Amino acid sequence: GAVVSQHPSWVICKSGTSVKIECRSLDFQATTMFWYRQFPKQSLMLMATSNEGSKATYEQGVEKDKFLINHASLTLSTLTVTSAHPEDSSFYICSARLSGGAQTQYFGPGTRLLVL
Amino acid sequence: GDSVTQMEGPVTLSEEAFLTINCTYTATGYPSLFWYVQYPGEGLQLLLKATKADDKGSNKGFEATYRKETTSFHLEKGSVQVSDSAVYFCALSVPNQFYFGTGTSLTVIP
């Protein structure tokens with residue numbers, strides 16, 4: 001149980017285009033989902049917290065107009081990297097927290113983005 | 001503030017060696033503690049967790065005990081395998097916040 005999927009797993013795009021990454025909780029409902037970014041050989045950096053039906057909460061230094069987050073349902077959150085640039089190339093990982101107060105986060109397999 | 005401090009790596013061990021990865025935490029409340037594992041090119045997988053003092057989490061031969069007196073949650077395994085090569089993250093959860101350690105890379109050689 002508690003499986004989180006991400007799509008796509010790999011994406012290569014041209015500079016200036018927008019890329020949408022989906023995060024789905026497959027067998028549970030998640031009122032809260034999280035988006036992380038991970039640079040090579042580093043820990044995860046929390047970008048934003050996404051709550052179903054409300055605006056995402058962004059961490060300091062993360063541009064909300066560049067990284068658009070939509071948590072449209074209890075099983076789906078999307079991250080759109082708008083006007084992507086090479087410096088946005090990274091590994092993006094989402095996680096979901098079970099509804100009902102449990103604190104465990106379950107992670108998706110990650111999406112590797114390469115902007116040319 | 002709340003935080004997690006994790007033993008720095010990389011760690012290289014021979015197969016069947018004993019593993020310890022240290023993790024200590026700072027928290028004002030009563031956190032839950034976790035170990036996650038990340039295999040190359042993949043996301044994070046929950047390895048084990050403990051939600052209160054003296055709880056022991058265990059999975060796949062790995063163990064960690066939530067010790068409030070020493071604010072620690074060290075990860076141990078009695079006999080590592082090559083397939084255990086990965087990056088291990090200690091994490092702490094308090095209401096509405098989740099903190100990760102920096103990760104410890106483990107390489108197990110045959």
# chains A, B, ... in the order shown; residues from 1 in each chain; ligands from 1
>>> interface_residues(of="chain A", to="chain B", cutoff="7 Å", atoms="only C-alpha atoms", output="list of chain:residue names")
A:Gln42, A:Ser43, A:Ile93, A:Gln103, A:Tyr106, A:Phe107, A:Gly108, A:Pro109, A:Gly110
>>> select_by_dssp(residues="chain A", states="strand (DSSP E)", output="PyMOL selection string")
chain A and resi 4-7+10-13+19-25+32-38+44-51+57-58+67-73+76-81+90-97+105-107+111-115
>>> atom_distance(atom1="CA of Val62 (chain A)", atom2="CA of Ala48 (chain A)")
7.9 Å
>>> residues_around(residues="Leu98 (chain A)", least_positions_apart="3", cutoff="9 Å", atoms="only C-alpha atoms", output="list in words")
Ala2, Phe28, Gln29, Ala30, Thr31, Thr32, Gly101, Ala102, Gln103, Thr104, Gln105 and Tyr106 of chain A
>>> residues_around(residues="Phe62 (chain B)", least_positions_apart="6", cutoff="7 Å", atoms="only C-alpha atoms", output="PDB file with N, CA, C and O atoms, in the first residue's frame")
ATOM      1  N   LEU B  75      20.820   3.916  12.508  1.00  0.00           N
ATOM      2  CA  LEU B  75      20.441   2.788  11.649  1.00  0.00           C
ATOM      3  C   LEU B  75      21.508   1.704  11.736  1.00  0.00           C
ATOM      4  O   LEU B  75      22.703   2.001  11.632  1.00  0.00           O
ATOM      5  N   GLU B  76      21.074   0.455  11.906  1.00  0.00           N
ATOM      6  CA  GLU B  76      22.019  -0.664  12.017  1.00  0.00           C
ATOM      7  C   GLU B  76      21.555  -1.836  11.174  1.00  0.00           C
ATOM      8  O   GLU B  76      20.358  -2.047  10.982  1.00  0.00           O
ATOM      9  N   LYS B  77      22.559  -2.569  10.698  1.00  0.00           N
ATOM     10  CA  LYS B  77      22.275  -3.849  10.060  1.00  0.00           C
ATOM     11  C   LYS B  77      23.435  -4.777  10.362  1.00  0.00           C
ATOM     12  O   LYS B  77      24.599  -4.376  10.234  1.00  0.00           O
TER      13      LYS B  77
END
>>> closest_residue(among="A:Thr78, A:Ser5, A:Thr49, A:Ser18", to="Leu113 (chain A)", atoms="only C-alpha atoms")
A:Ser18
